[in-house]
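Report on one structure; see the data block that follows.
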There are 2 protein chains.
Amino acid sequence: MSKRVGMDQNTEELIRQSARKVFSEKGFSGARMQDIADEAKINRALLHYYFRSKEKLFELIFDEAVTRFLGAVQPIMFARIPLFEKIEKLVATEIDLCVAEPCNAMFILHEMMRNPAVLERRNIRKLYESFLGNLSVALTEEYKRGSIVKIEAESLFLHIISLVLFPFIGKAYLQQAFGLDEEGYWRMIQKRKKEVTRFVINGIRILEGRPEGVSSDS
Amino acid sequence: MSKRVGMDQNTEELIRQSARKVFSEKGFSGARMQDIADEAKINRALLHYYFRSKEKLFELIFDEAVTRFLGAVQPIMFARIPLFEKIEKLVATEIDLCVAEPCNAMFILHEMMRNPAVLERRNIRKLYESFLGNLSVALTEEYKRGSIVKIEAESLFLHIISLVLFPFIGKAYLQQAFGLDEEGYWRMIQKRKKEVTRFVINGIRILEGRPEGVSSDS
DNA sequence: GTCTATAATGAGATAGAC
DNA sequence: GTCTATCTCATTATAGAC
């Protein structure tokens with residue numbers, strides 16, 4: 001798990017890595033089998049030898065990407081820890097994950113928009129039902145305790161992943177809009193771990209005896 | 001401006017509309033000239049007659065998309081209105097824009113990731129410098145008044161566009177994760193106008209004599 | 001301006017030698 | 001297992017009739 005640099009091991013794994021890189025950067029339609037072969041410094045035909053077709057290879061890579069993403073989030077969503085700590089961990093973990101593979105969020109979401117069926121066989125819904133049910137219980141508790149405003153689990157979860165994932169999805173745009181070079185961009189991302197956590201907690205917490213968030217509708 | 005349904009007017013405009021739809025849904029690589037021709041119910045050759053190449057047509061559509069987006073945001077960012085009102089307008093306007101063209105955000109950001117140069121000739125940076133400078137002044141004022149926590153204009157702006165744009169970019173994913181059909185999805189989006197506004201304002205506002213947001217670093 | 005036909009190239013996939 | 005050569009089909013683009 002520690003030394004995966006040279007990685008001249010088996011060809012199959014080499015291809016997977018190359019495919020991951022190329023697919024996640026260019027998407028299914030933009031990626032050429034030749035690109036993947038070049039990246040792996042092997043012949044196109046070998047790709048077909050190991051993984052019958054472009055489609056098959058793609059499905060594998062896509063599935064892996066989703067698995068890694070959910071695998072990192074799952075233990076936190078199921079952990080029995082205080083709400084604010086859970087939020088902090090969720091933010092930090094997802095950001096770290098995206099730092100390690102910056103194109104993954106865009107990759108997953110873009111391919112799902114292209115063809116929502118790519119994910120249908122996995123039963124994402126069941127998993128999220130647990131995530132959200134879990135979170136909902138914690139939110140209700142804290143609400144009754146008077147420490148946070150009333151908010152649905154779906155809303156809060158969506159707020160968090162929006163704040164965390166968008167800066168990666170919009171990397172190229174943000175760099176130009178904010179005038180950031182690579183270094184500046186990554187510094188901004190690191191700063192966001194604390195910033196987003198604080199912003200989210202501030203957004204739902206009640207300090208003294210505040211009635212119910214900001215005066216607004218129900 | 002009211003009757004653009006039949007729209008048998010000039011062919012050029014018809015092609016533009018079709019191209020906008022196809023490109024924004026499938027991206028540059030995923031879109032076929034045949035798809036656009038089909039959408040417009042005309043011949044492929046006509047596309048080349050009006051717009052020399054796929055590249056040229058794409059650049060036009062992409063530019064239009066960016067223009068429409070910035071065009072809607074600009075007046076709000078430059079308006080001399082109270083901070084909280086500005087936030088509310090920004091959220092509502094951007095959501096409306098995305099409702100009208102749900103694929104546009106993904107389209108712009110995905111194509112920029114594929115090739116950041118597509119936007120380089122426009123000088124986005126200058127525009128955002130004004131946006132952010134403007135916002136920064138308002139934030140400093142409110143901070144001195146003691147009504148909000150200390151926050152950089154870039155951070156707040158990024159928070160807002162993240163919260164607003166992500167649900168559109170992740171539409172397909174969210175629908176499956178949250179178990180939403182089309183109607184449920186759009187209802188959720190509409191609810192978000194108020195929800196995001198409230199959440200953002202809550203996230204930065206100081207109610208009574210709170211010192212500086214949540215106890216945390218500088 | 002709009003169409004049909006066709007050229008020219010690109011890209012996925014397979015056959016077969018080594 | 002890995003390569004070269006080749007097949008096949010899809011796609012962009014153009015030529016030329018109407």
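Residue numbers start at 1 in each chain; chains themselves are named A, B, ... in the order of the structure tokens; ligands are numbered from 1 in the order shown.
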Give one line per residue of chain B that approaches chain A to at most 8 Å, naming the two atoms of the closest pair and their distance in Å to one decimal, counting only C-alpha atoms; sort by chain then ascending residue number and deliver it as JSON lines.
{"residue": "B:Glu25", "atom": "CA", "partner": "A:Arg114", "partner_atom": "CA", "distance": 7.2}
{"residue": "B:Lys26", "atom": "CA", "partner": "A:Arg114", "partner_atom": "CA", "distance": 6.3}
{"residue": "B:Ser29", "atom": "CA", "partner": "A:Gly30", "partner_atom": "CA", "distance": 5.2}
{"residue": "B:Gly30", "atom": "CA", "partner": "A:Ser29", "partner_atom": "CA", "distance": 5.2}
{"residue": "B:Met106", "atom": "CA", "partner": "A:His110", "partner_atom": "CA", "distance": 7.4}
{"residue": "B:Leu109", "atom": "CA", "partner": "A:Gly170", "partner_atom": "CA", "distance": 5.7}
{"residue": "B:His110", "atom": "CA", "partner": "A:Met106", "partner_atom": "CA", "distance": 7.4}
{"residue": "B:Met112", "atom": "CA", "partner": "A:Ala172", "partner_atom": "CA", "distance": 5.9}
{"residue": "B:Met113", "atom": "CA", "partner": "A:Ala172", "partner_atom": "CA", "distance": 5.6}
{"residue": "B:Arg114", "atom": "CA", "partner": "A:Lys26", "partner_atom": "CA", "distance": 6.2}
{"residue": "B:Pro116", "atom": "CA", "partner": "A:Ala172", "partner_atom": "CA", "distance": 6.0}
{"residue": "B:Glu120", "atom": "CA", "partner": "A:Gln176", "partner_atom": "CA", "distance": 7.9}
{"residue": "B:Ile124", "atom": "CA", "partner": "A:Ala177", "partner_atom": "CA", "distance": 5.7}
{"residue": "B:Arg125", "atom": "CA", "partner": "A:Ala177", "partner_atom": "CA", "distance": 4.7}
{"residue": "B:Leu127", "atom": "CA", "partner": "A:Ala177", "partner_atom": "CA", "distance": 8.0}
{"residue": "B:Tyr128", "atom": "CA", "partner": "A:Ala177", "partner_atom": "CA", "distance": 5.7}
{"residue": "B:Glu129", "atom": "CA", "partner": "A:Phe178", "partner_atom": "CA", "distance": 7.5}
{"residue": "B:Glu154", "atom": "CA", "partner": "A:Phe178", "partner_atom": "CA", "distance": 7.6}
{"residue": "B:Leu158", "atom": "CA", "partner": "A:Pro167", "partner_atom": "CA", "distance": 7.6}
{"residue": "B:His159", "atom": "CA", "partner": "A:Leu163", "partner_atom": "CA", "distance": 6.0}
{"residue": "B:Ser162", "atom": "CA", "partner": "A:Phe166", "partner_atom": "CA", "distance": 5.3}
{"residue": "B:Leu163", "atom": "CA", "partner": "A:Ser162", "partner_atom": "CA", "distance": 5.3}
{"residue": "B:Leu165", "atom": "CA", "partner": "A:Phe166", "partner_atom": "CA", "distance": 7.9}
{"residue": "B:Phe166", "atom": "CA", "partner": "A:Ser162", "partner_atom": "CA", "distance": 5.2}
{"residue": "B:Pro167", "atom": "CA", "partner": "A:Ser162", "partner_atom": "CA", "distance": 7.2}
{"residue": "B:Ile169", "atom": "CA", "partner": "A:Leu109", "partner_atom": "CA", "distance": 6.9}
{"residue": "B:Gly170", "atom": "CA", "partner": "A:Leu109", "partner_atom": "CA", "distance": 5.7}
{"residue": "B:Lys171", "atom": "CA", "partner": "A:Met113", "partner_atom": "CA", "distance": 7.4}
{"residue": "B:Ala172", "atom": "CA", "partner": "A:Met113", "partner_atom": "CA", "distance": 5.5}
{"residue": "B:Tyr173", "atom": "CA", "partner": "A:Met112", "partner_atom": "CA", "distance": 6.5}
{"residue": "B:Gln176", "atom": "CA", "partner": "A:Arg125", "partner_atom": "CA", "distance": 5.9}
{"residue": "B:Ala177", "atom": "CA", "partner": "A:Arg125", "partner_atom": "CA", "distance": 4.8}
{"residue": "B:Phe178", "atom": "CA", "partner": "A:Arg125", "partner_atom": "CA", "distance": 6.5}
{"residue": "B:Gly179", "atom": "CA", "partner": "A:Arg125", "partner_atom": "CA", "distance": 6.2}
{"residue": "B:Arg198", "atom": "CA", "partner": "A:Val214", "partner_atom": "CA", "distance": 6.9}
{"residue": "B:Phe199", "atom": "CA", "partner": "A:Gly203", "partner_atom": "CA", "distance": 5.2}
{"residue": "B:Val200", "atom": "CA", "partner": "A:Gly203", "partner_atom": "CA", "distance": 6.5}
{"residue": "B:Ile201", "atom": "CA", "partner": "A:Gly203", "partner_atom": "CA", "distance": 7.6}
{"residue": "B:Asn202", "atom": "CA", "partner": "A:Gly203", "partner_atom": "CA", "distance": 4.7}
{"residue": "B:Gly203", "atom": "CA", "partner": "A:Gly203", "partner_atom": "CA", "distance": 3.8}
{"residue": "B:Ile204", "atom": "CA", "partner": "A:Phe199", "partner_atom": "CA", "distance": 7.2}
{"residue": "B:Gly213", "atom": "CA", "partner": "A:Asn202", "partner_atom": "CA", "distance": 7.2}
{"residue": "B:Val214", "atom": "CA", "partner": "A:Asn202", "partner_atom": "CA", "distance": 6.7}
{"residue": "B:Ser216", "atom": "CA", "partner": "A:Arg198", "partner_atom": "CA", "distance": 7.9}
Please provide as a VMD selection string all residues within 12 Å of DG1 (chain C), with the sequence filter that same-chain residues fewer than 6 positions apart are discarded (counting only C-alpha atoms (C1' of nucleotides)).
-> (chain B and resid 10 to 12 42 to 43 45 to 47 49 to 50) or (chain D and resid 18)
Keeping only C-alpha atoms (C1' of nucleotides), write those residues as a compact mmCIF listing (two decimals), in the first residue's frame.
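Okay, this is what ended up in again_16.txt:
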# COMPACT_ATOMS: atom_id res chain seq x y z
CA ASN B 10 -34.20 31.86 -40.20
CA THR B 11 -32.28 28.64 -40.28
CA GLU B 12 -29.23 30.05 -38.60
CA ILE B 42 -32.32 19.71 -41.38
CA ASN B 43 -29.38 18.25 -43.24
CA ALA B 45 -24.43 19.78 -44.77
CA LEU B 46 -26.39 22.86 -43.80
CA LEU B 47 -24.57 23.04 -40.52
CA TYR B 49 -22.84 25.89 -44.76
CA TYR B 50 -23.75 28.23 -41.89
C1' DC D 18 -31.22 21.44 -57.78
Shell around DC18 (chain C) at 12 Å using only C-alpha atoms (C1' of nucleotides), local window under 5 positions removed, as an MDAnalysis selection string | chainID D and resid 1:4
Considering only C-alpha atoms (C1' of nucleotides), state which residue in the set B:Arg44, B:Glu13, B:Pro82, B:Leu139 is at the smallest distance from chain C.
-> B:Arg44
Residue list for chain B near chain D as a PyMOL selection string, 10 Å, only C-alpha atoms (C1' of nucleotides) = chain B and resi 32-34+44-45+48+52-54
Requested write-out: N, CA and C atoms of the selected residues, as a compact mmCIF listing (two decimals), in the first residue's frame:
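New file part_30.txt:
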# COMPACT_ATOMS: atom_id res chain seq x y z
N ARG B 32 -22.69 14.84 -31.76
CA ARG B 32 -22.44 14.56 -33.18
C ARG B 32 -23.13 15.64 -34.00
N MET B 33 -22.51 15.98 -35.11
CA MET B 33 -23.15 16.95 -36.00
C MET B 33 -24.51 16.42 -36.44
N GLN B 34 -24.60 15.11 -36.59
CA GLN B 34 -25.87 14.49 -36.98
C GLN B 34 -26.94 14.74 -35.92
N ARG B 44 -27.23 17.62 -42.44
CA ARG B 44 -25.89 17.88 -41.87
C ARG B 44 -25.12 18.94 -42.63
N ALA B 45 -25.21 18.87 -43.94
CA ALA B 45 -24.43 19.78 -44.77
C ALA B 45 -24.75 21.24 -44.47
N HIS B 48 -22.62 22.92 -41.90
CA HIS B 48 -21.32 23.38 -42.38
C HIS B 48 -21.45 24.59 -43.28
N ARG B 52 -18.86 26.93 -40.56
CA ARG B 52 -17.82 26.10 -41.17
C ARG B 52 -17.58 24.71 -40.56
N SER B 53 -17.39 24.66 -39.27
CA SER B 53 -16.96 23.40 -38.65
C SER B 53 -17.63 23.18 -37.29
N LYS B 54 -17.49 21.99 -36.79
CA LYS B 54 -18.02 21.68 -35.46
C LYS B 54 -17.37 22.58 -34.41
Alpha helix (DSSP H) call set, DSSP backbone run, region 8-148 of chain A, as a PyMOL selection string = chain A and resi 11-30+33-40+44-50+54-78+83-100+104-114+124-144
Using only C-alpha atoms (C1' of nucleotides), determine which residues of chain C fall within 12 Å of chain B; present them as a PDB file with C-alpha atoms (C1' of nucleotides), in the first residue's frame.
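This is the output file out13.pdb:
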ATOM      1  C1'  DG C   1     -30.237  27.835 -49.361  1.00  0.00           C
ATOM      2  C1'  DT C   2     -30.933  23.094 -49.227  1.00  0.00           C
ATOM      3  C1'  DC C   3     -30.262  18.666 -50.563  1.00  0.00           C
ATOM      4  C1'  DT C   4     -27.638  13.892 -52.004  1.00  0.00           C
ATOM      5  C1'  DA C   5     -23.469  11.693 -52.684  1.00  0.00           C
TER       6       DA C   5
END
With a distance cut-off of 8 Å and only C-alpha atoms (C1' of nucleotides), select the neighbouring residues of Lys89 (chain B), excluding the residue or stretch itself and same-chain residues fewer than 4 positions from it, and output the selection as a list in words.
-> Ile76, Glu85 and Thr93 of chain B
Would you work out the distance separating CA of Arg16 (chain A) from CA of Ile61 (chain A), expressed in Å to one decimal?
->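 Atom-to-atom, CA of Arg16 (chain A) and CA of Ile61 (chain A) are spaced 7.2 Å apart.
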